[in-house]
file my_file00.pdb (PDB, C-alpha atoms)
ATOM      1  CA  MET B   1     -27.759   3.870  52.287
ATOM      2  CA  LYS B   2     -28.744   2.450  48.927
ATOM      3  CA  ARG B   3     -28.153  -1.276  48.404
ATOM      4  CA  LEU B   4     -26.172  -2.430  45.361
ATOM      5  CA  ARG B   5     -27.993  -4.731  42.991
ATOM      6  CA  PHE B   6     -25.483  -7.373  42.010
ATOM      7  CA  ASP B   7     -27.749  -8.943  39.413
ATOM      8  CA  ILE B   8     -27.813  -5.688  37.412
ATOM      9  CA  ILE B   9     -24.037  -5.306  37.740
ATOM     10  CA  ILE B  10     -23.409  -8.897  36.583
ATOM     11  CA  LEU B  11     -25.820  -8.477  33.655
ATOM     12  CA  PHE B  12     -24.117  -5.245  32.617
ATOM     13  CA  MET B  13     -20.641  -6.815  32.823
ATOM     14  CA  ALA B  14     -21.792  -9.799  30.733
ATOM     15  CA  PHE B  15     -23.204  -7.419  28.123
ATOM     16  CA  VAL B  16     -19.965  -5.400  27.975
ATOM     17  CA  THR B  17     -17.911  -8.605  27.676
ATOM     18  CA  LEU B  18     -20.116  -9.907  24.866
ATOM     19  CA  ILE B  19     -19.882  -6.650  22.904
ATOM     20  CA  THR B  20     -16.091  -6.584  23.370
ATOM     21  CA  VAL B  21     -15.668 -10.167  22.132
ATOM     22  CA  TYR B  22     -17.851  -9.498  19.078
ATOM     23  CA  ALA B  23     -15.953  -6.300  18.290
ATOM     24  CA  ILE B  24     -12.556  -8.009  18.519
ATOM     25  CA  GLY B  25     -13.782 -10.898  16.355
ATOM     26  CA  THR B  26     -15.214  -8.571  13.728
ATOM     27  CA  VAL B  27     -12.059  -6.464  13.521
ATOM     28  CA  SER B  28      -9.805  -9.509  13.213
ATOM     29  CA  PHE B  29     -12.121 -11.011  10.564
ATOM     30  CA  ILE B  30     -11.995  -7.841   8.478
ATOM     31  CA  GLN B  31      -8.232  -7.347   8.863
ATOM     32  CA  LYS B  32      -7.415 -10.871   7.710
ATOM     33  CA  ASN B  33      -9.556 -10.328   4.582
ATOM     34  CA  TRP B  34     -11.140 -13.780   4.948
ATOM     35  CA  PRO B  35     -14.437 -13.191   3.135
ATOM     36  CA  GLU B  36     -12.841 -12.450  -0.228
ATOM     37  CA  THR B  37      -9.901 -14.834  -0.202
ATOM     38  CA  ASN B  38     -11.253 -18.096   1.177
ATOM     39  CA  ASP B  39     -14.941 -18.434   0.470
ATOM     40  CA  PHE B  40     -15.433 -16.840  -2.915
ATOM     41  CA  ARG B  41     -13.547 -19.383  -4.996
ATOM     42  CA  TRP B  42     -15.230 -22.307  -3.295
ATOM     43  CA  PHE B  43     -18.744 -20.875  -3.697
ATOM     44  CA  TYR B  44     -17.998 -19.926  -7.288
ATOM     45  CA  GLY B  45     -16.796 -23.456  -8.118
ATOM     46  CA  VAL B  46     -19.784 -25.130  -6.503
ATOM     47  CA  GLY B  47     -22.163 -22.630  -8.104
ATOM     48  CA  MET B  48     -20.733 -23.255 -11.559
ATOM     49  CA  ALA B  49     -20.905 -27.037 -11.058
ATOM     50  CA  PHE B  50     -24.563 -26.601 -10.060
ATOM     51  CA  ARG B  51     -25.328 -24.352 -13.003
ATOM     52  CA  VAL B  52     -23.611 -26.457 -15.668
ATOM     53  CA  HIS B  53     -24.136 -30.022 -14.424
ATOM     54  CA  GLY B  54     -27.191 -29.785 -12.157
ATOM     55  CA  PRO B  55     -27.867 -30.170  -8.430
ATOM     56  CA  GLU B  56     -26.605 -33.744  -8.221
ATOM     57  CA  HIS B  57     -23.027 -32.518  -8.808
ATOM     58  CA  VAL B  58     -22.894 -29.899  -6.040
ATOM     59  CA  TYR B  59     -20.871 -32.197  -3.772
ATOM     60  CA  ASP B  60     -18.499 -33.374  -6.505
ATOM     61  CA  LEU B  61     -15.195 -31.968  -5.239
ATOM     62  CA  ASP B  62     -13.212 -32.727  -8.378
ATOM     63  CA  LEU B  63     -15.698 -30.792 -10.483
ATOM     64  CA  ALA B  64     -15.730 -27.867  -8.033
ATOM     65  CA  TRP B  65     -11.912 -27.741  -8.047
ATOM     66  CA  LYS B  66     -11.960 -27.709 -11.840
ATOM     67  CA  TYR B  67     -14.119 -24.564 -11.812
ATOM     68  CA  GLN B  68     -12.030 -22.970  -9.062
ATOM     69  CA  ALA B  69      -8.915 -23.234 -11.196
TER      70      ALA B  69
END
call {"tool": "encode", "arguments": {"input": "my_file00.pdb", "output": "structure tokens"}}
result
Amino acid sequence: MKRLRFDIIILFMAFVTLITVYAIGTVSFIQKNWPETNDFRWFYGVGMAFRVHGPEHVYDLDLAWKYQA
């Protein structure tokens, strides 16, 4: 009779669980449309503050909000 190798079974189950969690997270991230709605305006505002006023104004929130509007 062949002996079961529990270390291989546990490793396989951990791999399947990891892939399942990543798949569920990716699908929910895409369905909620987060990349376009939340991040773009913020990065655009900070990028414009950097371009117009220089690197010392990247963390100026009032200036970034001005460009977001």
call {"tool": "closest_residue", "arguments": {"input": "my_file00.pdb", "among": "B:Ile30, B:Leu4, B:Tyr67, B:Arg41", "to": "B:His53", "atoms": "only C-alpha atoms"}}
result
B:Tyr67
call {"tool": "resolve_selection", "arguments": {"input": "my_file00.pdb", "expression": "the PyMOL selection byres ((chain B and resi 58) around 12)", "output": "PyMOL selection string"}}
result
chain B and resi 42-57+59-65+67
call {"tool": "axis_aligned_box", "arguments": {"input": "my_file00.pdb", "around": "stretch 39-46 of chain B", "padding_each_side": "6 Å", "output": "AutoDock Vina command-line options"}}
result
--center_x -16.7 --center_y -21.0 --center_z -3.8 --size_x 18.2 --size_y 20.3 --size_z 20.6
call {"tool": "atom_distance", "arguments": {"input": "my_file00.pdb", "atom1": "atom CA of B:Phe40", "atom2": "atom CA of B:Leu18"}}
result
29.0 Å
call {"tool": "atom_distance", "arguments": {"input": "my_file00.pdb", "atom1": "atom CA of B:Asp39", "atom2": "atom CA of B:Lys66"}}
result
15.7 Å
call {"tool": "atom_distance", "arguments": {"input": "my_file00.pdb", "atom1": "atom CA of B:Ile8", "atom2": "atom CA of B:Thr26"}}
result
27.0 Å
